[in-house]
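Data file: model_1.cif. Format and content: mmCIF, C-alpha atoms and all ligand atoms.
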data_target
#
loop_
_atom_site.label_atom_id
_atom_site.label_comp_id
_atom_site.auth_asym_id
_atom_site.auth_seq_id
_atom_site.Cartn_x
_atom_site.Cartn_y
_atom_site.Cartn_z
CA MET A 1 -8.05 -18.00 11.47
CA ALA A 2 -9.09 -15.04 9.49
CA CYS A 3 -8.30 -12.44 11.86
CA ARG A 4 -9.27 -8.88 11.25
CA ARG A 5 -11.86 -8.91 13.96
CA ALA A 6 -10.15 -11.26 16.36
CA PRO A 7 -12.83 -13.92 15.95
CA ARG A 8 -13.40 -16.72 18.41
CA SER A 9 -10.79 -18.93 16.83
CA LEU A 10 -8.10 -16.33 17.44
CA ARG A 11 -9.14 -15.66 20.96
CA ARG A 12 -8.96 -19.38 21.57
CA ILE A 13 -5.53 -19.58 20.02
CA ALA A 14 -4.30 -16.72 22.13
CA LYS A 15 -5.18 -18.61 25.32
CA LEU A 16 -3.43 -21.81 24.36
CA PRO A 17 0.18 -22.18 25.44
CA CYS A 18 2.81 -21.97 22.76
CA CYS A 19 4.74 -25.10 22.05
CA ARG A 20 8.27 -25.62 20.92
CA LEU A 21 8.98 -28.57 18.71
CA SER A 22 12.18 -30.49 18.65
CA THR A 23 13.93 -30.74 15.36
CA ALA A 24 13.43 -33.79 13.20
CA SER A 25 15.49 -35.33 10.46
CA SER A 26 15.63 -32.98 7.55
CA VAL A 27 13.92 -33.71 4.26
CA ALA A 28 14.71 -31.42 1.40
CA LEU A 29 11.64 -29.66 0.09
CA ARG A 30 11.95 -28.14 -3.34
CA ALA A 31 10.07 -24.91 -3.99
CA ASP A 32 8.37 -24.46 -7.36
CA PRO A 33 8.39 -20.78 -8.41
CA ALA A 34 6.03 -21.59 -11.30
CA LEU A 35 3.20 -21.96 -8.78
CA VAL A 36 3.38 -18.21 -8.06
CA GLY A 37 1.49 -16.18 -10.66
CA ALA A 38 2.20 -12.69 -11.94
CA VAL A 39 0.87 -9.53 -10.30
CA ARG A 40 -1.99 -7.93 -12.23
CA HIS A 41 -4.44 -5.07 -11.78
CA GLY A 42 -7.72 -5.80 -10.02
CA VAL A 43 -10.59 -6.79 -12.33
CA ALA A 44 -12.55 -3.67 -11.39
CA SER A 45 -9.56 -1.36 -11.50
CA SER A 46 -8.91 1.14 -14.25
CA SER A 47 -5.51 2.01 -12.81
CA THR A 48 -2.57 2.28 -15.12
CA ASP A 49 -0.16 2.77 -12.22
CA PRO A 50 2.87 0.52 -12.25
CA LEU A 51 2.14 -2.75 -10.49
CA PRO A 52 3.88 -3.47 -7.19
CA ALA A 53 6.60 -6.10 -7.19
CA ALA A 54 5.42 -9.59 -6.42
CA PRO A 55 6.09 -10.49 -2.79
CA ALA A 56 8.39 -13.43 -2.14
CA VAL A 57 6.30 -16.55 -1.54
CA THR A 58 7.55 -20.10 -1.28
CA ILE A 59 5.39 -23.05 -2.32
CA TYR A 60 6.70 -26.57 -1.93
CA PRO A 61 4.77 -29.16 -3.95
CA ASP A 62 4.60 -32.68 -2.53
CA ALA A 63 5.52 -31.61 0.97
CA VAL A 64 3.84 -34.78 2.24
CA ASP A 65 3.13 -38.05 0.44
CA GLU A 66 -0.26 -39.73 0.04
CA ALA A 67 0.14 -41.98 3.08
CA GLU A 68 1.13 -39.02 5.25
CA GLU A 69 -1.82 -37.02 3.96
CA ALA A 70 -4.19 -39.89 4.80
CA LYS A 71 -2.80 -40.08 8.34
CA LEU A 72 -3.12 -36.34 8.92
CA VAL A 73 -6.69 -36.39 7.59
CA ARG A 74 -7.53 -39.32 9.87
CA ASP A 75 -6.21 -37.41 12.88
CA ALA A 76 -8.20 -34.34 11.87
CA GLU A 77 -11.42 -36.30 11.37
CA ARG A 78 -11.31 -37.48 14.99
CA TRP A 79 -11.55 -33.88 16.16
CA LEU A 80 -13.72 -32.43 13.42
CA LYS A 81 -16.38 -35.07 12.92
CA ARG A 82 -18.67 -33.87 15.66
CA LYS A 83 -18.56 -30.27 14.47
CA ALA A 84 -21.00 -28.92 11.92
CA PHE A 85 -19.80 -26.73 9.07
CA GLU A 86 -20.42 -23.13 10.08
CA GLY A 87 -22.40 -21.07 7.62
CA GLY A 88 -21.60 -17.63 6.37
CA HIS A 89 -22.56 -14.78 8.58
CA PHE A 90 -22.40 -11.68 6.39
CA ASP A 91 -19.20 -10.27 7.82
CA ARG A 92 -17.45 -13.58 8.33
CA VAL A 93 -14.11 -13.79 6.64
CA ILE A 94 -14.35 -17.59 6.37
CA VAL A 95 -17.51 -19.20 5.03
CA HIS A 96 -18.58 -22.86 5.33
CA TYR A 97 -15.84 -24.26 7.48
CA ARG A 98 -15.06 -26.23 10.59
CA GLU A 99 -11.90 -25.69 12.59
CA VAL A 100 -9.97 -26.83 15.58
CA GLN A 101 -6.61 -26.03 17.16
CA LYS A 102 -4.41 -28.81 18.44
CA LYS A 103 -0.92 -28.98 19.84
CA ALA A 104 1.43 -30.98 17.63
CA SER A 105 1.77 -33.47 20.49
CA ALA A 106 -1.95 -34.35 20.18
CA PHE A 107 -1.43 -35.86 16.71
CA SER A 108 -0.65 -39.53 16.17
CA PRO A 109 3.09 -40.34 16.36
CA GLY A 110 3.42 -40.67 12.57
CA SER A 111 1.75 -37.31 11.98
CA GLN A 112 3.90 -35.69 14.66
CA LYS A 113 7.00 -36.69 12.71
CA VAL A 114 5.54 -35.18 9.55
CA ILE A 115 4.63 -31.96 11.34
CA GLU A 116 8.10 -31.69 12.87
CA ARG A 117 9.63 -32.14 9.44
CA LEU A 118 7.49 -29.39 7.90
CA ILE A 119 8.15 -27.02 10.76
CA GLN A 120 11.85 -27.65 10.53
CA ALA A 121 11.76 -26.83 6.83
CA ALA A 122 9.67 -23.68 7.16
CA PHE A 123 10.68 -22.01 10.44
CA PRO A 124 13.99 -20.98 11.93
CA PRO A 125 15.28 -23.29 14.68
CA GLY A 126 13.59 -22.72 18.06
CA ALA A 127 10.61 -20.86 16.63
CA ASN A 128 7.88 -20.42 19.22
CA LEU A 129 4.85 -21.98 17.59
CA LEU A 130 1.17 -21.65 18.27
CA PRO A 131 -0.92 -24.83 18.25
CA VAL A 132 -1.66 -26.18 14.79
CA HIS A 133 -4.80 -24.65 13.25
CA LEU A 134 -6.83 -27.21 11.28
CA LEU A 135 -9.26 -25.58 8.89
CA ASP A 136 -11.77 -27.75 7.05
CA LEU A 137 -13.29 -25.76 4.21
CA ASP A 138 -16.37 -27.33 2.63
CA ALA A 139 -16.41 -27.63 -1.18
CA ASP A 140 -18.37 -24.38 -1.45
CA GLY A 141 -16.46 -22.68 1.36
CA TYR A 142 -14.11 -19.78 0.83
CA ILE A 143 -11.93 -17.25 2.66
CA GLN A 144 -12.23 -13.54 1.96
CA PRO A 145 -9.12 -11.36 1.72
CA HIS A 146 -7.68 -10.65 5.15
CA VAL A 147 -4.41 -10.19 6.99
CA ASP A 148 -4.01 -12.51 9.98
CA HIS A 149 -4.26 -10.53 13.18
CA VAL A 150 -0.83 -9.17 14.02
CA GLN A 151 -1.58 -9.16 17.74
CA TYR A 152 -2.04 -12.90 17.85
CA SER A 153 0.33 -14.38 15.36
CA GLY A 154 3.87 -13.65 14.30
CA SER A 155 5.84 -13.17 11.14
CA SER A 156 5.18 -16.48 9.37
CA ILE A 157 2.07 -18.20 8.10
CA VAL A 158 2.79 -21.68 6.83
CA GLY A 159 -0.02 -23.79 5.39
CA LEU A 160 -0.31 -27.39 4.23
CA SER A 161 -3.13 -27.94 1.72
CA LEU A 162 -4.80 -31.36 1.78
CA LEU A 163 -7.60 -33.17 -0.08
CA THR A 164 -7.90 -30.83 -3.07
CA ASP A 165 -6.01 -28.36 -5.25
CA ALA A 166 -6.83 -24.75 -4.45
CA VAL A 167 -5.89 -21.23 -5.42
CA MET A 168 -4.88 -18.63 -2.89
CA THR A 169 -4.97 -15.03 -4.05
CA LEU A 170 -2.89 -12.24 -2.54
CA HIS A 171 -4.32 -8.71 -2.65
CA TYR A 172 -2.08 -5.68 -2.23
CA GLU A 173 -2.77 -3.85 0.98
CA PRO A 174 0.33 -1.88 1.93
CA ARG A 175 -1.47 -0.12 4.79
CA GLY A 176 -0.91 -3.21 6.91
CA TYR A 177 -3.29 -4.39 9.58
CA HIS A 178 -6.46 -2.46 10.33
CA GLU A 179 -10.14 -3.16 10.73
CA THR A 180 -11.89 -3.57 7.40
CA THR A 181 -15.50 -2.99 6.51
CA GLU A 182 -17.45 -5.15 4.06
CA ALA A 183 -17.03 -2.42 1.44
CA ASP A 184 -13.27 -2.36 2.01
CA LYS A 185 -13.07 -6.13 1.62
CA GLU A 186 -14.99 -5.98 -1.65
CA LYS A 187 -12.79 -3.16 -2.91
CA LEU A 188 -9.67 -5.05 -1.94
CA ALA A 189 -10.85 -8.19 -3.75
CA THR A 190 -11.74 -6.43 -7.00
CA GLU A 191 -9.63 -3.29 -7.24
CA ALA A 192 -6.28 -3.93 -5.59
CA PRO A 193 -3.38 -5.43 -7.52
CA TRP A 194 -3.37 -9.16 -6.91
CA LEU A 195 -1.65 -12.38 -7.80
CA PRO A 196 -2.68 -16.02 -7.72
CA LEU A 197 -0.82 -18.79 -5.94
CA LYS A 198 -1.49 -22.34 -7.02
CA LEU A 199 -1.70 -24.61 -4.02
CA PRO A 200 -1.63 -28.19 -5.24
CA ARG A 201 -2.95 -30.87 -2.95
CA ARG A 202 -0.20 -31.83 -0.43
CA SER A 203 1.80 -28.63 -1.01
CA LEU A 204 3.14 -26.31 1.69
CA TYR A 205 3.15 -22.52 1.36
CA VAL A 206 5.09 -19.96 3.35
CA LEU A 207 3.91 -16.35 3.70
CA ARG A 208 6.27 -14.00 5.47
CA GLY A 209 7.57 -10.44 5.09
CA PRO A 210 5.46 -8.38 2.64
CA ALA A 211 3.41 -11.48 1.76
CA ARG A 212 2.39 -11.68 5.41
CA TYR A 213 1.91 -7.99 6.19
CA GLU A 214 1.35 -6.02 2.98
CA TRP A 215 -0.78 -8.43 1.02
CA ALA A 216 -4.09 -9.85 2.22
CA HIS A 217 -4.67 -13.52 1.43
CA ALA A 218 -7.84 -15.32 0.35
CA ILE A 219 -8.98 -18.73 -0.87
CA SER A 220 -11.55 -18.65 -3.61
CA GLN A 221 -14.48 -21.02 -3.99
CA GLN A 222 -13.21 -22.18 -7.32
CA PRO A 223 -9.69 -22.16 -8.61
CA VAL A 224 -9.64 -19.06 -10.77
CA VAL A 225 -6.60 -19.65 -12.93
CA GLY A 226 -5.27 -22.46 -14.99
CA GLU A 227 -2.16 -23.32 -16.90
CA GLY A 228 -0.28 -20.41 -18.38
CA ASP A 229 -2.13 -17.92 -16.23
CA SER A 230 0.62 -15.33 -16.19
CA GLU A 231 -0.90 -12.76 -18.49
CA SER A 232 -3.98 -14.22 -20.11
CA GLU A 233 -7.40 -14.58 -18.54
CA SER A 234 -8.12 -18.15 -17.59
CA SER A 235 -10.53 -19.94 -19.83
CA GLU A 236 -13.42 -22.06 -18.64
CA SER A 237 -11.49 -25.21 -19.55
CA ASP A 238 -8.63 -24.22 -17.25
CA ARG A 239 -10.87 -24.34 -14.24
CA THR A 240 -11.05 -27.37 -12.06
CA GLU A 241 -13.58 -27.97 -9.31
CA ARG A 242 -12.26 -27.41 -5.84
CA GLY A 243 -13.43 -30.05 -3.43
CA ARG A 244 -13.46 -30.04 0.34
CA ARG A 245 -10.14 -28.71 1.55
CA LEU A 246 -8.33 -29.41 4.78
CA SER A 247 -5.46 -27.12 5.69
CA LEU A 248 -3.01 -27.31 8.56
CA ILE A 249 -1.76 -23.84 9.35
CA PHE A 250 1.39 -23.32 11.38
CA ARG A 251 2.01 -19.92 12.93
CA ASP A 252 4.56 -18.47 15.30
CA GLY A 253 3.39 -16.40 18.24
CA ALA A 254 3.30 -12.61 18.00
CA PRO A 255 6.49 -11.00 19.28
CA GLY A 256 6.41 -9.45 22.74
C1 LIG A 301 -6.80 -18.44 7.91
C2 LIG A 301 -6.36 -18.67 6.53
C3 LIG A 301 -5.56 -20.22 4.85
C4 LIG A 301 -5.56 -21.68 4.52
O1 LIG A 301 -7.33 -19.38 8.52
O2 LIG A 301 -6.60 -17.33 8.42
O3 LIG A 301 -6.05 -17.72 5.86
O4 LIG A 301 -4.62 -22.10 3.82
N1 LIG A 301 -6.24 -19.94 6.06
O5 LIG A 301 -6.48 -22.39 4.93
MN MN A 302 -5.33 -16.10 7.19
#
Translate this file's structure into structure tokens.
Ligand code: OGA
Ligand code: MN
Amino acid sequence: MACRRAPRSLRRIAKLPCCRLSTASSVALRADPALVGAVRHGVASSSTDPLPAAPAVTIYPDAVDEAEEAKLVRDAERWLKRKAFEGGHFDRVIVHYREVQKKASAFSPGSQKVIERLIQAAFPPGANLLPVHLLDLDADGYIQPHVDHVQYSGSSIVGLSLLTDAVMTLHYEPRGYHETTEADKEKLATEAPWLPLKLPRRSLYVLRGPARYEWAHAISQQPVVGEGDSESESSESDRTERGRRLSLIFRDGAPG
């Protein structure tokens, strides 16, 4: 749901009723701060201004185990298999993807338990959640920098990455939400201060606060950084192929 222009997916989400999930037994997730890279100047920027502080981002590796991943993927396949991957219209934020929104109660009982556990870990009790957004990004698919539409979703974006490792990049955009032209998007991707977030397969990320509102997020076609990425440029050998990626994105409804 890349949302600057309130695309169809968002309009659909807005019509679906919100659902409230009961709490499930708690499982301790352990965040790994090493998955959050350092802020650096954009590749096309000649700025010597001080870099903004990195926004707080939480990434929990191994948020689900392999069996749970397989079950979630099986559930998703039932809904996605008849859909074709959508190509890349020039101003699309997301390219080569399929998607669907489903209430948590539509998942198989085992997956529902997993979803409840993740929601309990990532949201405050009683959070009013939108249906789960399942985004299936083909191996050559990608997501351009964007801020999820503030009219349709609330203060938290929580994503579970399945099937492949990926890199999310955050791009500094302190102006907050506004319509963006193609040129703006390009500028944002290459000139704004940015940082990489490693999203290992089966990890859960949480974007809220400045990471939700002041930094645009994107998923690149290829992971762009490798080990020890903090200051040095990544070398060719650091790069790993990104395969097809399935994400489950949990969002709360917009306030009001
Ligand atoms: C989106 C989005 C990120 C992800 O759909 O708006 O940014 O993890 N998705 O798939
Ligand atoms: Mn988004």
Neighbours of ligand LIG 301 (chain A) within 10 Å, counting all atoms listed in the file, as a tab-separated table (two decimals) with C-alpha atoms, keeping the file's coordinate frame?
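Written out: result-v8.tsv:
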chain	number	residue	atom	x	y	z
A	1	MET	CA	-8.05	-18.00	11.47
A	2	ALA	CA	-9.09	-15.04	9.49
A	3	CYS	CA	-8.30	-12.44	11.86
A	4	ARG	CA	-9.27	-8.88	11.25
A	9	SER	CA	-10.79	-18.93	16.83
A	10	LEU	CA	-8.10	-16.33	17.44
A	93	VAL	CA	-14.11	-13.79	6.64
A	94	ILE	CA	-14.35	-17.59	6.37
A	97	TYR	CA	-15.84	-24.26	7.48
A	99	GLU	CA	-11.90	-25.69	12.59
A	133	HIS	CA	-4.80	-24.65	13.25
A	134	LEU	CA	-6.83	-27.21	11.28
A	135	LEU	CA	-9.26	-25.58	8.89
A	136	ASP	CA	-11.77	-27.75	7.05
A	137	LEU	CA	-13.29	-25.76	4.21
A	142	TYR	CA	-14.11	-19.78	0.83
A	143	ILE	CA	-11.93	-17.25	2.66
A	144	GLN	CA	-12.23	-13.54	1.96
A	145	PRO	CA	-9.12	-11.36	1.72
A	146	HIS	CA	-7.68	-10.65	5.15
A	147	VAL	CA	-4.41	-10.19	6.99
A	148	ASP	CA	-4.01	-12.51	9.98
A	149	HIS	CA	-4.26	-10.53	13.18
A	157	ILE	CA	2.07	-18.20	8.10
A	158	VAL	CA	2.79	-21.68	6.83
A	159	GLY	CA	-0.02	-23.79	5.39
A	160	LEU	CA	-0.31	-27.39	4.23
A	161	SER	CA	-3.13	-27.94	1.72
A	162	LEU	CA	-4.80	-31.36	1.78
A	166	ALA	CA	-6.83	-24.75	-4.45
A	167	VAL	CA	-5.89	-21.23	-5.42
A	168	MET	CA	-4.88	-18.63	-2.89
A	199	LEU	CA	-1.70	-24.61	-4.02
A	204	LEU	CA	3.14	-26.31	1.69
A	205	TYR	CA	3.15	-22.52	1.36
A	206	VAL	CA	5.09	-19.96	3.35
A	216	ALA	CA	-4.09	-9.85	2.22
A	217	HIS	CA	-4.67	-13.52	1.43
A	218	ALA	CA	-7.84	-15.32	0.35
A	219	ILE	CA	-8.98	-18.73	-0.87
A	245	ARG	CA	-10.14	-28.71	1.55
A	246	LEU	CA	-8.33	-29.41	4.78
A	247	SER	CA	-5.46	-27.12	5.69
A	248	LEU	CA	-3.01	-27.31	8.56
A	249	ILE	CA	-1.76	-23.84	9.35
A	250	PHE	CA	1.39	-23.32	11.38
For the atom pair CA of Phe123 in chain A and CA of Lys198 in chain A, what is the interatomic distance in Å to one decimal place?
->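 Distance reported for this atom pair: 21.3 Å.
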Cut-off 8 Å: closest range 125-223 of chain A/range 103-106 of chain A atom pairs per residue, using only C-alpha atoms, as CSV:
residue,atom,partner,partner_atom,distance
A:Leu130,CA,A:Lys103,CA,7.8
A:Pro131,CA,A:Lys103,CA,4.4
A:Val132,CA,A:Lys103,CA,5.8
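Computed from the coordinates, the CA of Pro255 in chain A to CA of Asp184 in chain A distance equals 27.6 Å.
Distance check against Arg202 in chain A using only C-alpha atoms: of A:Leu129, A:Leu72, A:Ala54, A:Ala34, the minimum falls on A:Leu72.
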Could you list as a count of residues only every residue that has an atom within 12 Å of (-8.0, -38.7, 9.0), using the file's coordinates and counting only C-alpha atoms?
-> 24
From the set A:Val114, A:Leu170, A:Ala63, A:Ala53, which residue has the shortest atom-to-atom contact distance to ligand MN 302 (chain A), counting all atoms listed in the file?
->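 Nearest candidate to ligand MN 302 (chain A) out of A:Val114, A:Leu170, A:Ala63, A:Ala53: A:Leu170.
Closest to Leu35 in chain A among A:Pro61, A:Pro210, A:Gly126, A:Gly243 is A:Pro61, based on only C-alpha atoms.
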Take CA of Glu173 in chain A and CA of Ala122 in chain A and report the distance between them in Å, one decimal.
-> 24.2 Å
For each of A:Arg208, A:Arg175, A:Arg82, A:Arg244, take the minimum atom-to-atom distance to ligand MN 302 (chain A), counting only C-alpha atoms and all ligand atoms, then give the residue where this is smallest.
->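 Once distances to ligand MN 302 (chain A) are computed over only C-alpha atoms and all ligand atoms, the minimum belongs to A:Arg208.
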Between A:Gln101, A:Ser156, A:Asn128, A:Ser203, which has the minimum distance to ligand MN 302 (chain A) (counting all atoms listed in the file)?
->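 Among the listed residues, the smallest separation from ligand MN 302 (chain A) belongs to A:Ser156.
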Tell me which of A:Pro196, A:Gly154, A:Gly141, A:Pro109 sits closest to Pro55 in chain A, counting only C-alpha atoms.
-> A:Pro196
Any chance you could build range 38-57 of chain A out to N, CA, C and O atoms and write it as a PDB file, in the coordinates of the input?
ATOM      1  N   ALA A  38       1.747 -14.080 -11.776  1.00  0.00           N
ATOM      2  CA  ALA A  38       2.200 -12.690 -11.940  1.00  0.00           C
ATOM      3  C   ALA A  38       1.210 -11.729 -11.292  1.00  0.00           C
ATOM      4  O   ALA A  38       0.014 -12.017 -11.204  1.00  0.00           O
ATOM      5  N   VAL A  39       1.732 -10.574 -10.865  1.00  0.00           N
ATOM      6  CA  VAL A  39       0.870  -9.530 -10.300  1.00  0.00           C
ATOM      7  C   VAL A  39       0.096  -8.873 -11.448  1.00  0.00           C
ATOM      8  O   VAL A  39       0.643  -8.639 -12.519  1.00  0.00           O
ATOM      9  N   ARG A  40      -1.183  -8.620 -11.209  1.00  0.00           N
ATOM     10  CA  ARG A  40      -1.990  -7.930 -12.230  1.00  0.00           C
ATOM     11  C   ARG A  40      -2.933  -6.941 -11.543  1.00  0.00           C
ATOM     12  O   ARG A  40      -3.151  -7.018 -10.324  1.00  0.00           O
ATOM     13  N   HIS A  41      -3.483  -6.027 -12.338  1.00  0.00           N
ATOM     14  CA  HIS A  41      -4.440  -5.070 -11.780  1.00  0.00           C
ATOM     15  C   HIS A  41      -5.733  -5.771 -11.412  1.00  0.00           C
ATOM     16  O   HIS A  41      -6.109  -6.768 -12.033  1.00  0.00           O
ATOM     17  N   GLY A  42      -6.428  -5.245 -10.417  1.00  0.00           N
ATOM     18  CA  GLY A  42      -7.720  -5.800 -10.020  1.00  0.00           C
ATOM     19  C   GLY A  42      -8.701  -5.760 -11.181  1.00  0.00           C
ATOM     20  O   GLY A  42      -8.619  -4.864 -12.037  1.00  0.00           O
ATOM     21  N   VAL A  43      -9.646  -6.705 -11.205  1.00  0.00           N
ATOM     22  CA  VAL A  43     -10.590  -6.790 -12.330  1.00  0.00           C
ATOM     23  C   VAL A  43     -11.433  -5.532 -12.455  1.00  0.00           C
ATOM     24  O   VAL A  43     -11.821  -5.142 -13.552  1.00  0.00           O
ATOM     25  N   ALA A  44     -11.707  -4.870 -11.331  1.00  0.00           N
ATOM     26  CA  ALA A  44     -12.550  -3.670 -11.390  1.00  0.00           C
ATOM     27  C   ALA A  44     -11.720  -2.388 -11.342  1.00  0.00           C
ATOM     28  O   ALA A  44     -12.233  -1.308 -11.096  1.00  0.00           O
ATOM     29  N   SER A  45     -10.424  -2.536 -11.576  1.00  0.00           N
ATOM     30  CA  SER A  45      -9.560  -1.360 -11.500  1.00  0.00           C
ATOM     31  C   SER A  45      -9.272  -0.796 -12.884  1.00  0.00           C
ATOM     32  O   SER A  45      -9.049  -1.549 -13.833  1.00  0.00           O
ATOM     33  N   SER A  46      -9.281   0.535 -12.967  1.00  0.00           N
ATOM     34  CA  SER A  46      -8.910   1.140 -14.250  1.00  0.00           C
ATOM     35  C   SER A  46      -7.517   1.758 -14.137  1.00  0.00           C
ATOM     36  O   SER A  46      -7.100   2.534 -14.985  1.00  0.00           O
ATOM     37  N   SER A  47      -6.823   1.418 -13.060  1.00  0.00           N
ATOM     38  CA  SER A  47      -5.510   2.010 -12.810  1.00  0.00           C
ATOM     39  C   SER A  47      -4.502   1.606 -13.880  1.00  0.00           C
ATOM     40  O   SER A  47      -4.486   0.469 -14.350  1.00  0.00           O
ATOM     41  N   THR A  48      -3.685   2.587 -14.224  1.00  0.00           N
ATOM     42  CA  THR A  48      -2.570   2.280 -15.120  1.00  0.00           C
ATOM     43  C   THR A  48      -1.251   2.469 -14.374  1.00  0.00           C
ATOM     44  O   THR A  48      -0.186   2.525 -14.974  1.00  0.00           O
ATOM     45  N   ASP A  49      -1.371   2.635 -13.040  1.00  0.00           N
ATOM     46  CA  ASP A  49      -0.160   2.770 -12.220  1.00  0.00           C
ATOM     47  C   ASP A  49       0.714   1.535 -12.396  1.00  0.00           C
ATOM     48  O   ASP A  49       0.189   0.444 -12.645  1.00  0.00           O
ATOM     49  N   PRO A  50       2.020   1.718 -12.195  1.00  0.00           N
ATOM     50  CA  PRO A  50       2.870   0.520 -12.250  1.00  0.00           C
ATOM     51  C   PRO A  50       2.452  -0.464 -11.160  1.00  0.00           C
ATOM     52  O   PRO A  50       2.048  -0.048 -10.070  1.00  0.00           O
ATOM     53  N   LEU A  51       2.528  -1.735 -11.470  1.00  0.00           N
ATOM     54  CA  LEU A  51       2.140  -2.750 -10.490  1.00  0.00           C
ATOM     55  C   LEU A  51       3.236  -2.913  -9.439  1.00  0.00           C
ATOM     56  O   LEU A  51       4.416  -2.754  -9.741  1.00  0.00           O
ATOM     57  N   PRO A  52       2.854  -3.219  -8.208  1.00  0.00           N
ATOM     58  CA  PRO A  52       3.880  -3.470  -7.190  1.00  0.00           C
ATOM     59  C   PRO A  52       4.632  -4.759  -7.513  1.00  0.00           C
ATOM     60  O   PRO A  52       4.117  -5.626  -8.230  1.00  0.00           O
ATOM     61  N   ALA A  53       5.824  -4.869  -6.991  1.00  0.00           N
ATOM     62  CA  ALA A  53       6.600  -6.100  -7.190  1.00  0.00           C
ATOM     63  C   ALA A  53       5.893  -7.246  -6.491  1.00  0.00           C
ATOM     64  O   ALA A  53       5.253  -7.052  -5.447  1.00  0.00           O
ATOM     65  N   ALA A  54       6.007  -8.414  -7.073  1.00  0.00           N
ATOM     66  CA  ALA A  54       5.420  -9.590  -6.420  1.00  0.00           C
ATOM     67  C   ALA A  54       6.147  -9.856  -5.110  1.00  0.00           C
ATOM     68  O   ALA A  54       7.376  -9.755  -5.056  1.00  0.00           O
ATOM     69  N   PRO A  55       5.414 -10.167  -4.050  1.00  0.00           N
ATOM     70  CA  PRO A  55       6.090 -10.490  -2.790  1.00  0.00           C
ATOM     71  C   PRO A  55       6.721 -11.886  -2.892  1.00  0.00           C
ATOM     72  O   PRO A  55       6.247 -12.718  -3.667  1.00  0.00           O
ATOM     73  N   ALA A  56       7.768 -12.100  -2.131  1.00  0.00           N
ATOM     74  CA  ALA A  56       8.390 -13.430  -2.140  1.00  0.00           C
ATOM     75  C   ALA A  56       7.454 -14.417  -1.436  1.00  0.00           C
ATOM     76  O   ALA A  56       7.007 -14.165  -0.319  1.00  0.00           O
ATOM     77  N   VAL A  57       7.134 -15.480  -2.111  1.00  0.00           N
ATOM     78  CA  VAL A  57       6.300 -16.550  -1.540  1.00  0.00           C
ATOM     79  C   VAL A  57       6.941 -17.868  -1.924  1.00  0.00           C
ATOM     80  O   VAL A  57       7.408 -18.029  -3.049  1.00  0.00           O
TER      81      VAL A  57
END
